[in-house]
Every structure is written in structure tokens, then in C-alpha cells.
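Below: entry.pdb (PDB, C-alpha atoms and all ligand atoms)
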```pdb
ATOM      1  CA  MET A  26     -25.825  44.321  62.515  1.00  0.00           C
ATOM      2  CA  SER A  27     -28.588  46.865  63.017  1.00  0.00           C
ATOM      3  CA  TYR A  28     -28.151  49.585  65.584  1.00  0.00           C
ATOM      4  CA  ILE A  29     -30.467  48.756  68.512  1.00  0.00           C
ATOM      5  CA  VAL A  30     -32.569  51.480  70.123  1.00  0.00           C
ATOM      6  CA  ALA A  31     -34.411  50.352  73.264  1.00  0.00           C
ATOM      7  CA  LEU A  32     -37.693  52.219  73.744  1.00  0.00           C
ATOM      8  CA  SER A  33     -39.008  52.145  77.287  1.00  0.00           C
ATOM      9  CA  GLY A  34     -41.320  54.023  79.590  1.00  0.00           C
ATOM     10  CA  GLY A  35     -43.942  53.500  82.263  1.00  0.00           C
ATOM     11  CA  ILE A  36     -47.391  52.044  81.749  1.00  0.00           C
ATOM     12  CA  ALA A  37     -49.474  54.054  79.251  1.00  0.00           C
ATOM     13  CA  SER A  38     -46.557  56.419  78.689  1.00  0.00           C
ATOM     14  CA  GLY A  39     -46.990  56.037  74.911  1.00  0.00           C
ATOM     15  CA  LYS A  40     -44.668  53.151  73.912  1.00  0.00           C
ATOM     16  CA  THR A  41     -47.082  51.669  71.347  1.00  0.00           C
ATOM     17  CA  THR A  42     -48.047  55.074  69.953  1.00  0.00           C
ATOM     18  CA  ILE A  43     -44.394  56.051  69.513  1.00  0.00           C
ATOM     19  CA  ALA A  44     -43.359  52.648  68.088  1.00  0.00           C
ATOM     20  CA  ASN A  45     -46.137  53.021  65.490  1.00  0.00           C
ATOM     21  CA  LEU A  46     -44.734  56.395  64.431  1.00  0.00           C
ATOM     22  CA  PHE A  47     -41.249  54.876  63.960  1.00  0.00           C
ATOM     23  CA  ALA A  48     -42.836  51.976  62.029  1.00  0.00           C
ATOM     24  CA  GLN A  49     -44.445  54.515  59.671  1.00  0.00           C
ATOM     25  CA  LEU A  50     -40.905  55.658  58.831  1.00  0.00           C
ATOM     26  CA  GLY A  51     -40.066  52.064  57.854  1.00  0.00           C
ATOM     27  CA  VAL A  52     -38.211  51.186  61.054  1.00  0.00           C
ATOM     28  CA  PRO A  53     -38.607  47.535  62.154  1.00  0.00           C
ATOM     29  CA  ILE A  54     -40.112  47.058  65.612  1.00  0.00           C
ATOM     30  CA  ILE A  55     -39.122  44.229  67.947  1.00  0.00           C
ATOM     31  CA  ASP A  56     -41.481  43.795  70.880  1.00  0.00           C
ATOM     32  CA  ALA A  57     -40.098  42.327  74.116  1.00  0.00           C
ATOM     33  CA  ASP A  58     -43.593  41.249  75.224  1.00  0.00           C
ATOM     34  CA  VAL A  59     -43.980  39.196  72.036  1.00  0.00           C
ATOM     35  CA  ILE A  60     -40.606  37.503  72.633  1.00  0.00           C
ATOM     36  CA  ALA A  61     -41.589  36.771  76.248  1.00  0.00           C
ATOM     37  CA  ARG A  62     -44.636  34.902  74.911  1.00  0.00           C
ATOM     38  CA  GLN A  63     -42.728  33.147  72.091  1.00  0.00           C
ATOM     39  CA  VAL A  64     -40.201  31.551  74.454  1.00  0.00           C
ATOM     40  CA  VAL A  65     -42.958  29.798  76.454  1.00  0.00           C
ATOM     41  CA  ALA A  66     -45.136  28.813  73.499  1.00  0.00           C
ATOM     42  CA  ILE A  67     -46.305  25.210  73.088  1.00  0.00           C
ATOM     43  CA  GLY A  68     -43.383  22.931  72.189  1.00  0.00           C
ATOM     44  CA  THR A  69     -40.628  25.063  73.749  1.00  0.00           C
ATOM     45  CA  SER A  70     -38.148  23.616  76.221  1.00  0.00           C
ATOM     46  CA  ALA A  71     -38.957  26.477  78.640  1.00  0.00           C
ATOM     47  CA  LEU A  72     -42.604  25.390  78.765  1.00  0.00           C
ATOM     48  CA  THR A  73     -41.570  21.763  79.385  1.00  0.00           C
ATOM     49  CA  GLN A  74     -39.440  22.896  82.340  1.00  0.00           C
ATOM     50  CA  ILE A  75     -42.230  25.084  83.724  1.00  0.00           C
ATOM     51  CA  VAL A  76     -44.654  22.135  83.609  1.00  0.00           C
ATOM     52  CA  LYS A  77     -42.073  19.882  85.302  1.00  0.00           C
ATOM     53  CA  HIS A  78     -41.692  22.455  88.075  1.00  0.00           C
ATOM     54  CA  PHE A  79     -45.330  23.524  88.614  1.00  0.00           C
ATOM     55  CA  SER A  80     -47.184  20.405  87.254  1.00  0.00           C
ATOM     56  CA  GLN A  81     -49.724  20.174  84.413  1.00  0.00           C
ATOM     57  CA  GLU A  82     -52.019  22.414  86.454  1.00  0.00           C
ATOM     58  CA  ILE A  83     -50.099  25.394  85.100  1.00  0.00           C
ATOM     59  CA  LEU A  84     -51.514  24.780  81.607  1.00  0.00           C
ATOM     60  CA  LEU A  85     -54.800  25.886  80.097  1.00  0.00           C
ATOM     61  CA  ALA A  86     -57.085  23.292  78.499  1.00  0.00           C
ATOM     62  CA  ASN A  87     -55.563  24.017  75.072  1.00  0.00           C
ATOM     63  CA  GLY A  88     -52.046  23.234  76.317  1.00  0.00           C
ATOM     64  CA  GLU A  89     -50.877  26.838  76.489  1.00  0.00           C
ATOM     65  CA  LEU A  90     -49.277  28.335  79.576  1.00  0.00           C
ATOM     66  CA  ASP A  91     -51.815  29.827  81.966  1.00  0.00           C
ATOM     67  CA  ARG A  92     -50.025  33.145  82.252  1.00  0.00           C
ATOM     68  CA  SER A  93     -52.415  34.723  84.723  1.00  0.00           C
ATOM     69  CA  GLN A  94     -52.107  31.757  87.104  1.00  0.00           C
ATOM     70  CA  LEU A  95     -48.314  31.887  86.795  1.00  0.00           C
ATOM     71  CA  ARG A  96     -48.335  35.642  87.411  1.00  0.00           C
ATOM     72  CA  GLU A  97     -50.335  35.131  90.585  1.00  0.00           C
ATOM     73  CA  ILE A  98     -47.988  32.417  91.873  1.00  0.00           C
ATOM     74  CA  ILE A  99     -44.845  34.462  91.353  1.00  0.00           C
ATOM     75  CA  PHE A 100     -46.467  37.627  92.660  1.00  0.00           C
ATOM     76  CA  ASN A 101     -47.039  35.851  95.983  1.00  0.00           C
ATOM     77  CA  ASN A 102     -43.854  33.798  96.184  1.00  0.00           C
ATOM     78  CA  ASP A 103     -40.336  35.267  95.882  1.00  0.00           C
ATOM     79  CA  HIS A 104     -38.729  31.838  95.645  1.00  0.00           C
ATOM     80  CA  GLU A 105     -40.866  30.843  92.660  1.00  0.00           C
ATOM     81  CA  ARG A 106     -40.340  34.233  91.024  1.00  0.00           C
ATOM     82  CA  LEU A 107     -36.589  33.791  91.295  1.00  0.00           C
ATOM     83  CA  TRP A 108     -36.812  30.267  89.872  1.00  0.00           C
ATOM     84  CA  LEU A 109     -38.814  31.479  86.886  1.00  0.00           C
ATOM     85  CA  ASN A 110     -36.566  34.491  86.277  1.00  0.00           C
ATOM     86  CA  ASN A 111     -33.475  32.278  86.382  1.00  0.00           C
ATOM     87  CA  LEU A 112     -35.055  30.012  83.790  1.00  0.00           C
ATOM     88  CA  LEU A 113     -36.463  32.643  81.453  1.00  0.00           C
ATOM     89  CA  HIS A 114     -34.052  35.565  81.527  1.00  0.00           C
ATOM     90  CA  PRO A 115     -31.180  33.840  79.704  1.00  0.00           C
ATOM     91  CA  ILE A 116     -33.602  32.301  77.167  1.00  0.00           C
ATOM     92  CA  ILE A 117     -35.260  35.681  76.507  1.00  0.00           C
ATOM     93  CA  ALA A 118     -31.887  37.425  76.178  1.00  0.00           C
ATOM     94  CA  GLN A 119     -30.679  34.765  73.726  1.00  0.00           C
ATOM     95  CA  GLU A 120     -33.861  34.927  71.614  1.00  0.00           C
ATOM     96  CA  THR A 121     -33.720  38.745  71.612  1.00  0.00           C
ATOM     97  CA  GLN A 122     -30.128  38.716  70.363  1.00  0.00           C
ATOM     98  CA  LYS A 123     -31.049  36.159  67.700  1.00  0.00           C
ATOM     99  CA  GLN A 124     -33.844  38.429  66.438  1.00  0.00           C
ATOM    100  CA  PHE A 125     -31.482  41.435  66.484  1.00  0.00           C
ATOM    101  CA  ALA A 126     -28.937  39.493  64.414  1.00  0.00           C
ATOM    102  CA  GLU A 127     -31.574  38.725  61.768  1.00  0.00           C
ATOM    103  CA  GLN A 128     -32.218  42.436  61.125  1.00  0.00           C
ATOM    104  CA  THR A 129     -30.804  44.202  58.097  1.00  0.00           C
ATOM    105  CA  ALA A 130     -32.293  47.701  58.567  1.00  0.00           C
ATOM    106  CA  PRO A 131     -29.918  50.502  59.689  1.00  0.00           C
ATOM    107  CA  TYR A 132     -31.582  50.518  63.096  1.00  0.00           C
ATOM    108  CA  VAL A 133     -34.476  48.873  64.915  1.00  0.00           C
ATOM    109  CA  ILE A 134     -36.734  49.969  67.740  1.00  0.00           C
ATOM    110  CA  TRP A 135     -36.879  47.390  70.529  1.00  0.00           C
ATOM    111  CA  VAL A 136     -39.971  48.098  72.661  1.00  0.00           C
ATOM    112  CA  VAL A 137     -39.072  46.869  76.117  1.00  0.00           C
ATOM    113  CA  PRO A 138     -41.312  47.993  78.984  1.00  0.00           C
ATOM    114  CA  LEU A 139     -39.203  46.256  81.680  1.00  0.00           C
ATOM    115  CA  LEU A 140     -35.776  47.318  80.382  1.00  0.00           C
ATOM    116  CA  ILE A 141     -34.577  48.663  83.720  1.00  0.00           C
ATOM    117  CA  GLU A 142     -36.505  46.219  85.940  1.00  0.00           C
ATOM    118  CA  ASN A 143     -34.991  43.236  84.087  1.00  0.00           C
ATOM    119  CA  ASN A 144     -31.574  44.812  83.715  1.00  0.00           C
ATOM    120  CA  LEU A 145     -31.471  44.451  79.918  1.00  0.00           C
ATOM    121  CA  GLN A 146     -29.759  47.763  79.144  1.00  0.00           C
ATOM    122  CA  HIS A 147     -26.587  46.060  77.914  1.00  0.00           C
ATOM    123  CA  LEU A 148     -28.435  44.572  74.914  1.00  0.00           C
ATOM    124  CA  ALA A 149     -29.113  48.020  73.427  1.00  0.00           C
ATOM    125  CA  ASP A 150     -26.830  50.524  71.686  1.00  0.00           C
ATOM    126  CA  ARG A 151     -29.020  53.408  72.754  1.00  0.00           C
ATOM    127  CA  ILE A 152     -31.790  53.938  75.310  1.00  0.00           C
ATOM    128  CA  LEU A 153     -34.774  56.115  74.428  1.00  0.00           C
ATOM    129  CA  LEU A 154     -37.090  56.848  77.324  1.00  0.00           C
ATOM    130  CA  ILE A 155     -40.529  58.374  77.323  1.00  0.00           C
ATOM    131  CA  ASP A 156     -41.149  61.156  79.771  1.00  0.00           C
ATOM    132  CA  THR A 157     -44.888  61.562  80.272  1.00  0.00           C
ATOM    133  CA  PRO A 158     -46.049  63.844  83.110  1.00  0.00           C
ATOM    134  CA  GLU A 159     -47.761  61.650  85.680  1.00  0.00           C
ATOM    135  CA  GLU A 160     -51.136  63.461  85.516  1.00  0.00           C
ATOM    136  CA  LEU A 161     -51.286  62.796  81.764  1.00  0.00           C
ATOM    137  CA  GLN A 162     -50.130  59.185  82.149  1.00  0.00           C
ATOM    138  CA  LEU A 163     -52.899  58.680  84.720  1.00  0.00           C
ATOM    139  CA  GLU A 164     -55.531  60.363  82.546  1.00  0.00           C
ATOM    140  CA  ARG A 165     -54.553  58.348  79.424  1.00  0.00           C
ATOM    141  CA  LEU A 166     -54.475  55.068  81.373  1.00  0.00           C
ATOM    142  CA  ILE A 167     -57.939  55.684  82.843  1.00  0.00           C
ATOM    143  CA  ASN A 168     -59.386  56.681  79.445  1.00  0.00           C
ATOM    144  CA  ARG A 169     -57.760  53.836  77.492  1.00  0.00           C
ATOM    145  CA  ASP A 170     -58.519  50.991  79.929  1.00  0.00           C
ATOM    146  CA  GLY A 171     -61.696  52.362  81.513  1.00  0.00           C
ATOM    147  CA  ILE A 172     -60.385  51.735  85.028  1.00  0.00           C
ATOM    148  CA  SER A 173     -60.766  53.635  88.290  1.00  0.00           C
ATOM    149  CA  GLU A 174     -58.347  56.364  89.292  1.00  0.00           C
ATOM    150  CA  SER A 175     -57.250  54.410  92.371  1.00  0.00           C
ATOM    151  CA  LEU A 176     -56.414  51.268  90.335  1.00  0.00           C
ATOM    152  CA  ALA A 177     -54.576  53.362  87.732  1.00  0.00           C
ATOM    153  CA  ASN A 178     -52.619  55.043  90.522  1.00  0.00           C
ATOM    154  CA  ARG A 179     -51.645  51.694  92.037  1.00  0.00           C
ATOM    155  CA  MET A 180     -50.527  50.377  88.625  1.00  0.00           C
ATOM    156  CA  ILE A 181     -48.273  53.398  88.160  1.00  0.00           C
ATOM    157  CA  ARG A 182     -46.898  53.134  91.734  1.00  0.00           C
ATOM    158  CA  THR A 183     -45.721  49.511  91.326  1.00  0.00           C
ATOM    159  CA  GLN A 184     -43.392  50.559  88.505  1.00  0.00           C
ATOM    160  CA  VAL A 185     -39.900  51.992  88.577  1.00  0.00           C
ATOM    161  CA  SER A 186     -40.298  55.754  88.970  1.00  0.00           C
ATOM    162  CA  LEU A 187     -39.748  58.097  86.049  1.00  0.00           C
ATOM    163  CA  THR A 188     -36.805  59.716  87.851  1.00  0.00           C
ATOM    164  CA  ASP A 189     -35.065  56.350  88.297  1.00  0.00           C
ATOM    165  CA  ARG A 190     -35.773  55.450  84.678  1.00  0.00           C
ATOM    166  CA  LEU A 191     -34.453  58.720  83.282  1.00  0.00           C
ATOM    167  CA  ALA A 192     -31.058  58.072  84.855  1.00  0.00           C
ATOM    168  CA  PHE A 193     -30.520  55.420  82.145  1.00  0.00           C
ATOM    169  CA  ALA A 194     -31.678  57.525  79.190  1.00  0.00           C
ATOM    170  CA  ASP A 195     -29.518  58.507  76.234  1.00  0.00           C
ATOM    171  CA  ASP A 196     -32.493  60.270  74.630  1.00  0.00           C
ATOM    172  CA  ILE A 197     -35.859  61.387  75.975  1.00  0.00           C
ATOM    173  CA  ILE A 198     -39.180  61.883  74.224  1.00  0.00           C
ATOM    174  CA  VAL A 199     -41.473  64.213  76.129  1.00  0.00           C
ATOM    175  CA  ASN A 200     -44.993  62.952  75.470  1.00  0.00           C
ATOM    176  CA  ASP A 201     -46.996  65.849  76.861  1.00  0.00           C
ATOM    177  CA  GLY A 202     -48.574  67.136  73.662  1.00  0.00           C
ATOM    178  CA  ASN A 203     -50.506  65.886  70.672  1.00  0.00           C
ATOM    179  CA  LEU A 204     -49.409  63.463  67.955  1.00  0.00           C
ATOM    180  CA  ALA A 205     -47.974  66.289  65.836  1.00  0.00           C
ATOM    181  CA  ALA A 206     -45.640  67.229  68.694  1.00  0.00           C
ATOM    182  CA  LEU A 207     -44.526  63.586  68.943  1.00  0.00           C
ATOM    183  CA  THR A 208     -43.910  63.360  65.214  1.00  0.00           C
ATOM    184  CA  VAL A 209     -41.526  66.342  65.301  1.00  0.00           C
ATOM    185  CA  GLN A 210     -39.431  64.667  68.014  1.00  0.00           C
ATOM    186  CA  ILE A 211     -39.460  61.303  66.232  1.00  0.00           C
ATOM    187  CA  ASP A 212     -38.366  62.773  62.891  1.00  0.00           C
ATOM    188  CA  HIS A 213     -35.407  64.346  64.660  1.00  0.00           C
ATOM    189  CA  LEU A 214     -34.465  61.098  66.444  1.00  0.00           C
ATOM    190  CA  HIS A 215     -34.876  59.120  63.205  1.00  0.00           C
ATOM    191  CA  LYS A 216     -32.192  61.237  61.521  1.00  0.00           C
ATOM    192  CA  GLN A 217     -29.937  60.899  64.550  1.00  0.00           C
ATOM    193  CA  TYR A 218     -30.289  57.092  64.670  1.00  0.00           C
ATOM    194  CA  LEU A 219     -29.624  56.728  60.940  1.00  0.00           C
ATOM    195  CA  HIS A 220     -26.433  58.688  61.529  1.00  0.00           C
ATOM    196  CA  ASN A 221     -25.499  56.625  64.628  1.00  0.00           C
ATOM    197  CA  SER A 222     -25.985  53.381  62.718  1.00  0.00           C
ATOM    198  CA  LYS A 223     -23.618  54.592  59.983  1.00  0.00           C
ATOM    199  CA  VAL A 224     -20.989  55.414  62.590  1.00  0.00           C
ATOM    200  CA  LYS A 225     -21.437  52.004  64.253  1.00  0.00           C
ATOM    201  CA  ASN A 226     -20.969  50.146  60.984  1.00  0.00           C
ATOM    202  CA  SER A 227     -18.146  52.287  59.577  1.00  0.00           C
TER     203      SER A 227
HETATM  204  P1  LIG B 301     -48.752  50.067  78.017  1.00  0.00           P
HETATM  205  O1  LIG B 301     -47.668  50.356  79.010  1.00  0.00           O
HETATM  206  O2  LIG B 301     -50.045  49.775  78.695  1.00  0.00           O
HETATM  207  O3  LIG B 301     -48.367  49.041  76.985  1.00  0.00           O
HETATM  208  P2  LIG B 301     -48.072  52.228  76.196  1.00  0.00           P
HETATM  209  O4  LIG B 301     -46.876  52.797  76.899  1.00  0.00           O
HETATM  210  O5  LIG B 301     -47.836  51.418  74.978  1.00  0.00           O
HETATM  211  O6  LIG B 301     -49.015  51.459  77.198  1.00  0.00           O
HETATM  212  P3  LIG B 301     -49.956  53.756  74.605  1.00  0.00           P
HETATM  213  O7  LIG B 301     -50.970  52.667  74.553  1.00  0.00           O
HETATM  214  O8  LIG B 301     -49.175  54.068  73.385  1.00  0.00           O
HETATM  215  O9  LIG B 301     -48.968  53.516  75.848  1.00  0.00           O
HETATM  216  O10 LIG B 301     -50.615  55.117  75.108  1.00  0.00           O
HETATM  217  C1  LIG B 301     -51.542  55.121  76.198  1.00  0.00           C
HETATM  218  C2  LIG B 301     -52.807  55.862  75.783  1.00  0.00           C
HETATM  219  O11 LIG B 301     -52.480  57.240  75.624  1.00  0.00           O
HETATM  220  C3  LIG B 301     -53.368  55.395  74.445  1.00  0.00           C
HETATM  221  O12 LIG B 301     -54.768  55.445  74.512  1.00  0.00           O
HETATM  222  C4  LIG B 301     -52.812  56.424  73.456  1.00  0.00           C
HETATM  223  O13 LIG B 301     -53.663  56.580  72.331  1.00  0.00           O
HETATM  224  C5  LIG B 301     -52.774  57.687  74.304  1.00  0.00           C
HETATM  225  N1  LIG B 301     -51.687  58.591  73.904  1.00  0.00           N
HETATM  226  C6  LIG B 301     -50.359  58.352  73.952  1.00  0.00           C
HETATM  227  N2  LIG B 301     -49.653  59.414  73.527  1.00  0.00           N
HETATM  228  C7  LIG B 301     -50.562  60.362  73.188  1.00  0.00           C
HETATM  229  C8  LIG B 301     -50.473  61.700  72.682  1.00  0.00           C
HETATM  230  N3  LIG B 301     -49.301  62.290  72.444  1.00  0.00           N
HETATM  231  N4  LIG B 301     -51.625  62.361  72.444  1.00  0.00           N
HETATM  232  C9  LIG B 301     -52.806  61.781  72.704  1.00  0.00           C
HETATM  233  N5  LIG B 301     -52.979  60.531  73.183  1.00  0.00           N
HETATM  234  C10 LIG B 301     -51.866  59.820  73.432  1.00  0.00           C
END
```
Would you put the structure from the file into C-alpha cells?
Amino acid sequence: MSYIVALSGGIASGKTTIANLFAQLGVPIIDADVIARQVVAIGTSALTQIVKHFSQEILLANGELDRSQLREIIFNNDHERLWLNNLLHPIIAQETQKQFAEQTAPYVIWVVPLLIENNLQHLADRILLIDTPEELQLERLINRDGISESLANRMIRTQVSLTDRLAFADDIIVNDGNLAALTVQIDHLHKQYLHNSKVKNS
């Protein structure tokens, strides 16, 4: 089985940018946000159970899950959040492991923004965290999404802090420079992960 490298970091820390650079080296990318959407797609048993619990009102006109309505409900109700987490976490973990098992590349990058929050560390062989200085994270978030500084600040504050995140890291990418600086770090990690995958499978 492929060696699994979890890539995580705060909002606008550079997860997509860095995953794209690994993809350019031919590394497959598995995206936890995509899996989270796949497991509640139309026709899934998870969606049937969500409708049973919250009623048809939780669906959009086209039959898809109304994710923003669901987000609002669970944001305001701990009991409902727990119910949903208990339903979805095992299904997401199972689907993630199934997608890992289908891989044949030496290693894959698993982009997983909520790795620590959702306690998914055990699914990875290695944890790669992005360390972006907060002023830069704030500046990039404001520029990319065109939002106010106060909203960007609040979005960063609701997340696990960088210090708490770094406690889980095996490797760290410091994203405080330009793309060339990132590429140097990624080339180095690429070699290391190819080596690690050989050791795992030997
Ligand atoms: P989200 O948490 O919202 O999914 P993300 O962690 O995937 O975000 P990116 O979208 O990759 O972060 O990066 C945030 C913004 O910062 C983007 O506009 C990206 O182009 C820019 N950015 C990231 N890294 C760099 C860098 N090293 N140099 C210049 N711009 C960068």
C-alpha cells in the first residue's frame, strides 16, 4: 500500500498551492473535503439517515444536501453536531482507507484541513504541517477571498492554533516566501517520502 502523507495547515496556509506542487511531481492527491462530500452525495446511506433525522427540509430542490443549512444547525446545536459526527466520522474514515488501498504510487498526499480537529492522525504514516506566519496567512486570506481584516481574523481564530498543530508534525513546510522557496522544500520532502515508502514496503 502507498505511504500516506497527511498535509494539513490552517485556513489559507497554502494547502492547495503545496498539493499542486506535489501533483506536478506525479504524486497522487487525495482530498478530505472531496471525500466528505462524496459520502453524503445523492443515493448514499448517510444522506438517507440525515434526511430521516432532520426531515426533507435539509435537502435542496435538486435533492442534494443543503450543506450550508446543515452547517448552521450544527454550529448552533452541540447535540446535533455530535449526532452528525457520530454518523459521518466512521463512514469518512472507511471511505478514506478504501481510497488509500486503491493507490499504487509509492506515496500519496492526503490534504486534510481538519486532521487534528477530527482526530484522524492515526490514518497517516507521516504528518506534514504548513507553518505560515500569521500576518502572511491573514494577508493571503484577505487578498484571495476579498474579505475584511476582521472577518479574516475571526476565521483564523476559530481554528486550532499553529502551536497546537505543530505538536503533531513529523515534517514542517515554512510557507513564508515565494513559490521558488516552496519548491525547494517540496523537492527535498519528495525524495524523503520516496525513501520512506521503500522502507515501509521492504
Ligand atoms: P484554504 O484553507 O482556504 O483551503 P489553502 O490552505 O489551500 O486555503 P491556498 O489557497 O493554497 O491555501 O493559499 C492561500 C492563498 O495564498 C492563495 O491565494 C495562494 O495563491 C497564496 N499563496 C500560498 N502560498 C504562497 C506563496 N508561497 N507565495 C505566494 N502566494 C501564496
task: Could you give me, as a list of chain:residue names, the residues within 10 Å of Ser38 in chain A, counting all atoms listed in the file and dropping anything in the same chain fewer than 6 positions from it?
output: A:Pro138, A:Leu154, A:Ile155, A:Asp156, A:Thr157, A:Pro158, A:Glu159, A:Leu161, A:Gln162, A:Leu163, A:Arg165, A:Leu166, A:Val199, A:Asn200, A:Asp201
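Residues in contact with ligand LIG 301 (chain B) comprise Gly34, Gly35, Ile36, Ala37, Ser38, Gly39, Lys40, Thr41, Thr42, Ile43, Pro138, Arg165, Leu166, Asn168, Arg169, Asn200, Asp201, Gly202, Asn203, Leu204 and Leu207 of chain A, where contact means an atom-to-atom distance of at most 7 Å counting all atoms listed in the file.
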Quick one: write out the picked residues with C-alpha atoms as a CSV table (one decimal), in the coordinates of the input?
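See selection35.csv below for the written result:
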```
chain,number,residue,atom,x,y,z
A,34,GLY,CA,-41.3,54.0,79.6
A,35,GLY,CA,-43.9,53.5,82.3
A,36,ILE,CA,-47.4,52.0,81.7
A,37,ALA,CA,-49.5,54.1,79.3
A,38,SER,CA,-46.6,56.4,78.7
A,39,GLY,CA,-47.0,56.0,74.9
A,40,LYS,CA,-44.7,53.2,73.9
A,41,THR,CA,-47.1,51.7,71.3
A,42,THR,CA,-48.0,55.1,70.0
A,43,ILE,CA,-44.4,56.1,69.5
A,138,PRO,CA,-41.3,48.0,79.0
A,165,ARG,CA,-54.6,58.3,79.4
A,166,LEU,CA,-54.5,55.1,81.4
A,168,ASN,CA,-59.4,56.7,79.4
A,169,ARG,CA,-57.8,53.8,77.5
A,200,ASN,CA,-45.0,63.0,75.5
A,201,ASP,CA,-47.0,65.8,76.9
A,202,GLY,CA,-48.6,67.1,73.7
A,203,ASN,CA,-50.5,65.9,70.7
A,204,LEU,CA,-49.4,63.5,68.0
A,207,LEU,CA,-44.5,63.6,68.9
```
- line: Separating CA of Asp91 in chain A from CA of Val59 in chain A, to the nearest tenth of an Å, is a gap of 15.7 Å
- prompt: Exactly which residues make up the result of the PyMOL selection byres (((chain A and resi 221) around 12) and not hetatm) on this file, given as a ChimeraX atom specification?
  reply: /A:27-30,131-133,150-151,214-220,222-227
query: Closest to Ile75 in chain A among A:Ala61, A:Ala48, A:Leu112, A:Ala192, using all atoms listed in the file?
result: A:Leu112
- request: For Leu140 in chain A, list every protein, DNA or RNA residue within 9 Å, evaluated using all atoms listed in the file, and leave out those in the same chain fewer than 6 positions away; present the list as a list in words.
  value: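 Once the nearby chain positions are removed, what remains is Ala31, Leu32, Ser33, Gly34 and Gln146 of chain A.
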statement: Of A:Ile141, A:Leu107, A:Gly171, A:Asp212, the one sitting nearest Asp189 in chain A when using all atoms listed in the file is A:Ile141
I'd like a table as CSV: residues in range 58-137 of chain A with an atom no more than 9 Å from range 44-47 of chain A, each row giving the shortest atom pair and its distance in Å to one decimal, only C-alpha atoms counted, sorted by chain and rising residue number.
```
residue,atom,partner,partner_atom,distance
A:Ile134,CA,A:Ala44,CA,7.2
A:Trp135,CA,A:Ala44,CA,8.7
A:Val136,CA,A:Ala44,CA,7.3
```
query: CA of Arg182 in chain A and CA of Gln210 in chain A are how many Å apart?
result: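 Interatomic distance here is 27.4 Å.
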- prompt: Residues picked by the PyMOL selection byres (((chain A and resi 66) around 12) and not hetatm) here, as a list in words?
  reply: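 With the PyMOL selection byres (((chain A and resi 66) around 12) and not hetatm) on this model, the match is Val59, Ile60, Ala61, Arg62, Gln63, Val64, Val65, Ile67, Gly68, Thr69, Ser70, Ala71, Leu72, Thr73, Ile75, Leu84, Asn87, Gly88, Glu89, Leu90, Asp91 and Arg92 of chain A.
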Grab the residues selected above and save them as a PDB file, in the frame of the given file with C-alpha atoms.
```pdb
ATOM      1  CA  VAL A  59     -43.980  39.196  72.036  1.00  0.00           C
ATOM      2  CA  ILE A  60     -40.606  37.503  72.633  1.00  0.00           C
ATOM      3  CA  ALA A  61     -41.589  36.771  76.248  1.00  0.00           C
ATOM      4  CA  ARG A  62     -44.636  34.902  74.911  1.00  0.00           C
ATOM      5  CA  GLN A  63     -42.728  33.147  72.091  1.00  0.00           C
ATOM      6  CA  VAL A  64     -40.201  31.551  74.454  1.00  0.00           C
ATOM      7  CA  VAL A  65     -42.958  29.798  76.454  1.00  0.00           C
ATOM      8  CA  ILE A  67     -46.305  25.210  73.088  1.00  0.00           C
ATOM      9  CA  GLY A  68     -43.383  22.931  72.189  1.00  0.00           C
ATOM     10  CA  THR A  69     -40.628  25.063  73.749  1.00  0.00           C
ATOM     11  CA  SER A  70     -38.148  23.616  76.221  1.00  0.00           C
ATOM     12  CA  ALA A  71     -38.957  26.477  78.640  1.00  0.00           C
ATOM     13  CA  LEU A  72     -42.604  25.390  78.765  1.00  0.00           C
ATOM     14  CA  THR A  73     -41.570  21.763  79.385  1.00  0.00           C
ATOM     15  CA  ILE A  75     -42.230  25.084  83.724  1.00  0.00           C
ATOM     16  CA  LEU A  84     -51.514  24.780  81.607  1.00  0.00           C
ATOM     17  CA  ASN A  87     -55.563  24.017  75.072  1.00  0.00           C
ATOM     18  CA  GLY A  88     -52.046  23.234  76.317  1.00  0.00           C
ATOM     19  CA  GLU A  89     -50.877  26.838  76.489  1.00  0.00           C
ATOM     20  CA  LEU A  90     -49.277  28.335  79.576  1.00  0.00           C
ATOM     21  CA  ASP A  91     -51.815  29.827  81.966  1.00  0.00           C
ATOM     22  CA  ARG A  92     -50.025  33.145  82.252  1.00  0.00           C
TER      23      ARG A  92
END
```
query: Restricting the calculation to all atoms listed in the file, which member of A:Glu127, A:Glu142, A:Glu164, A:Glu82 is positioned closest to Thr183 in chain A?
result: A:Glu142
task: Please work out which residues fall within 9 Å of (-37.1, 40.4, 73.4), coordinates as given in the file, with only C-alpha atoms counting, and return them as a ChimeraX atom specification.
output: /A:55-61,117-122,124-125,135-137
query: In Å, how far is it from CA of Ser175 in chain A to CA of Glu97 in chain A?
result: 20.6 Å
Test item: residues at most 12 Å from Asn144 in chain A, all atoms listed in the file, excluding those fewer than 5 positions along its chain, as an MDAnalysis selection string: chainID A and resid 110 114:115 118 137:139 149 190 193
Selection export as an mmCIF file, in the coordinates of the input, atoms kept: C-alpha atoms:
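Once written, result_34.cif looks like this:
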```cif
data_model
loop_
_atom_site.group_PDB
_atom_site.id
_atom_site.type_symbol
_atom_site.label_atom_id
_atom_site.label_comp_id
_atom_site.auth_asym_id
_atom_site.auth_seq_id
_atom_site.Cartn_x
_atom_site.Cartn_y
_atom_site.Cartn_z
ATOM 1 C CA ASN A 110 -36.566 34.491 86.277
ATOM 2 C CA HIS A 114 -34.052 35.565 81.527
ATOM 3 C CA PRO A 115 -31.180 33.840 79.704
ATOM 4 C CA ALA A 118 -31.887 37.425 76.178
ATOM 5 C CA VAL A 137 -39.072 46.869 76.117
ATOM 6 C CA PRO A 138 -41.312 47.993 78.984
ATOM 7 C CA LEU A 139 -39.203 46.256 81.680
ATOM 8 C CA ALA A 149 -29.113 48.020 73.427
ATOM 9 C CA ARG A 190 -35.773 55.450 84.678
ATOM 10 C CA PHE A 193 -30.520 55.420 82.145
#
```
How big is the axis-aligned box around the listed atoms of range 99-105 of chain A once 6 Å is added on each side, and where is its centre? Give both in Å to one decimal, as AutoDock Vina command-line options.
```
--center_x -42.9 --center_y 34.2 --center_z 93.8 --size_x 20.3 --size_y 18.8 --size_z 16.8
```
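Nearest to Ile152 in chain A of all the residues A:Ile198, A:Ile181, A:Leu50, A:Ile98 is A:Ile198, based on only C-alpha atoms.
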Supply range 181-185 of chain A as an mmCIF file, in the coordinates of the input, with N, CA and C atoms built in where the input has gaps.
```
data_model
loop_
_atom_site.group_PDB
_atom_site.id
_atom_site.type_symbol
_atom_site.label_atom_id
_atom_site.label_comp_id
_atom_site.auth_asym_id
_atom_site.auth_seq_id
_atom_site.Cartn_x
_atom_site.Cartn_y
_atom_site.Cartn_z
ATOM 1 N N ILE A 181 -49.430 52.524 88.414
ATOM 2 C CA ILE A 181 -48.273 53.398 88.160
ATOM 3 C C ILE A 181 -47.260 53.281 89.305
ATOM 4 N N ARG A 182 -47.776 53.187 90.549
ATOM 5 C CA ARG A 182 -46.898 53.134 91.734
ATOM 6 C C ARG A 182 -46.030 51.880 91.777
ATOM 7 N N THR A 183 -46.515 50.751 91.221
ATOM 8 C CA THR A 183 -45.721 49.511 91.326
ATOM 9 C C THR A 183 -44.530 49.533 90.375
ATOM 10 N N GLN A 184 -44.469 50.535 89.492
ATOM 11 C CA GLN A 184 -43.392 50.559 88.505
ATOM 12 C C GLN A 184 -42.198 51.389 88.981
ATOM 13 N N VAL A 185 -41.076 51.156 88.323
ATOM 14 C CA VAL A 185 -39.900 51.992 88.577
ATOM 15 C C VAL A 185 -40.291 53.438 88.293
#
```
